[in-house]
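Beneath this line is the structure, given in structure tokens, with notes to follow.
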Amino acid sequence: MSKDFGRPPLAEENQDLVESRLKELLGTGGVQETLRIEWRGQPLQVEVIDMPVHMLYYNPGTHRIRAQRTHDPVRDRGLDEDAFSSDSQEYLHFLLRALPSDPSKRDPDFDALLESLRDFKQNDPGLITRDGILVNGNTRRAALKDLGESNIRVGVLPASCTWDDINRVELALQLRKDHRRDYSYINRLLAIDEQIGLGRTVADIARDFRTTARVCEQDRWILATLNDLVERSRNGGAQLRLLDFEDHQEKLKELHRRWVKESASSQEKADLMKESRLTAIVLGFSKTDVRLIEPDFTSRYLNSRLPETVRSRLPVAAPAATVAIPGLNRTVRAADPKVAEARALTDSVLRVKAVEAAGDSASLEKVAEAAKTITAVKAALEEALEPAGKDARVRKRKQAAPDRIVDACHDIDQCITDLVLSRASRSLDEEIFDEAVLKLRESLGKLAVEAARSIKEPGDGVTWLLEAGRKEDGA
């Protein structure tokens with residue numbers, strides 16, 4: 001069930017005004033403007049009327065600013081207690097104009113919308129309940145209010161509208177291809193999670209969000225990871241917020257893909273890589289830098305470069321122990337303590353980032369100490385990434401030649417299929433095919449020569465190649 005915020009103070013006045021203006025439409029005749037929406041699973045055309053800007057209310061449950069509400073915890077609580085008070089509505093007005101990743105700054109996209117409305121007026125109608133709550137068009141109303149406009153064009157929902165209806169209709173409208181201002185990344189994650197909580201299937205949600213079930217599962221994993229990071233960042237009264245991760249969308253998606261791949265062979269290596277990459281993400285490293293972090297990054301490159309003040313707070317990695325399984329007379333290997341060590345480093349970085357983000361609400365001494373720690377860890381990471389990058393380039397060069405052989409094998413396999421098809425249709429140019437095979441023989445001969453020079457202890461495959469080369473020379 002969606003949260004019920006109750007009715008606003010001007011609900012009765014808005015109902016009367018809506019009813020009178022809908023009656024006026026019926027009396028004027030002619031073609032009237034309507035808005036097509038999805039209403040309880042069916043398409044519905046609703047009438048569009050003009051309403052005074054000052055009489056309408058922002059939707060406190062809108063997904064557009066769900067994550068940004070935590071920017072001011074006191075006013076956020078006020079929204080839950082009285083969503084339609086002047087202070088709560090003013091807070092929503094502020095957030096609708098703010099940059100999603102940093103609400104303390106104004107969003108350039110909002111200014112672009114404001115300029116568009118000033119120059120071209122309102123193109124698309126919003127949508128309201130009969131109580132005057134905006135279901136769609138919250139940002140447009142904020143811009144029109146700033147411009148001093150008197151009226152806003154809005155469609156009107158049926159009188160039986162509930163808060164569940166408001167929630168579903170808003171999502172359906174905002175997820176259309178033609179919407180002008182997308183939900184922020186974090187708000188999209190929250191909207192998907194909310195739909196899961198309402199008992200909807202992943203397949204249905206994926207269809208509504210115009211994505212795939214696999215991407216929805218990825219989004220759920222990322223949101224769970226971010227919620228975990230927020231909880232782990234708690235440091236006294238300071239704590240990070242979901243919106244602090246707004247700009248890390250691509251890095252988080254890549255982390256999930258790599259974690260899934262690594263988990264298939266080793267859960268411990270996957271978790272080691274995950275924690276090390278999260279540390280780099282929290283510290284704001286680029287996607288190309290984060291990509292260099294492998295499961296052995298912390299133990300191989302980072303630990304020796306961490307300052308003693310940071311390293312001394314981390315648990316020492318002890319040899320992996322075993323855990324007995326009751327009743328089976330068997331033991332299994334316990335969780336790798338290196339994972340706990342990597343997790344502790346991530347926790348340390350999260351907590352100092354929380355203090356740094358708290359700013360004025362934390363003491364100057366704590367903020368200064370946090371900044372010092374962050375600078376030290378970032379410097380250590382930058383230093384560790386340099387040899388990690390060099391080793392990655394070496395590994396890439398080492399894998400280049402084998403990868404090309406594999407690609408050639410795929411091409412030959414496709415060639416076999418093409419030969420079968422051409423035999424059926426009698427379309428093979430045999431002379432050109434013969435010339436191509438001679439070119440293949442020549443290339444394999446050159447490959448055999450270079451393999452003999454480069455590989456001192458040949459395996460079965462290289463031995464075959466060398467023998468084939470010798471037979472060709474003997475021929």
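Just so we're on the same page: first chain in the structure tokens is A, next is B, and so on; residues restart at 1 for each chain, and ligands are numbered from 1 in the order they show up.
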
Q: Run DSSP on the backbone and grab whatever in segment 132-316 of chain A lands in helix (DSSP H, G or I); send it over as a ChimeraX atom specification.
A: /A:138-147,163-174,185-197,202-208,213-232,242-263,267-282,287-290,297-305,308-311

**Q.** Non-local contacts of segment 363-379 of chain A (9 Å; only C-alpha atoms; under 4 positions in same chain excluded) as a PyMOL selection string
**A.** chain A and resi 280+283+285+305-307+309-310+349+351-359+383-384

Per residue of segment 130-228 of chain A within 9 Å of segment 243-249 of chain A, which atom pair is closest and at what distance in Å (one decimal), using only C-alpha atoms, listed by chain and increasing number, as a Markdown table?
| residue | atom | partner | partner_atom | distance |
| --- | --- | --- | --- | --- |
| A:Ser184 | CA | A:Glu246 | CA | 7.5 |
| A:Tyr185 | CA | A:Glu246 | CA | 6.3 |
| A:Ile186 | CA | A:Glu246 | CA | 6.0 |
| A:Asn187 | CA | A:Leu243 | CA | 8.7 |
| A:Leu226 | CA | A:Phe245 | CA | 7.8 |

Create the file for the chosen residues now, containing C-alpha atoms and written as a compact mmCIF listing (two decimals), in the first residue's frame.
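Result went into selection_4.txt, see below:
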# COMPACT_ATOMS: atom_id res chain seq x y z
CA SER A 184 17.30 10.60 -11.25
CA TYR A 185 19.11 7.25 -11.07
CA ILE A 186 18.55 6.73 -7.33
CA ASN A 187 14.87 7.67 -7.56
CA LEU A 226 23.84 1.27 -1.48

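Of the listed residues A:Arg426, A:Arg343, A:Lys121, A:Arg77, the one whose atoms come nearest to Arg232 of chain A is A:Arg343, with distances taken using only C-alpha atoms.
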
(Q) Taking the DSSP secondary structure from the backbone, can you list the residues of segment 197-374 of chain A that are strand (DSSP E), as a list in words? (A) Thr322, Val323, Ala324, Ile325, Arg330, Thr331, Val332 and Arg333 of chain A

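Note that atom CA of Leu134 of chain A and atom CA of Tyr58 of chain A are 5.5 Å apart.
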
Q: Pick out the closest residue to Arg130 of chain A from this set: A:Arg21, A:Arg423, A:Arg40, A:Arg64. Count only C-alpha atoms.
A: A:Arg21
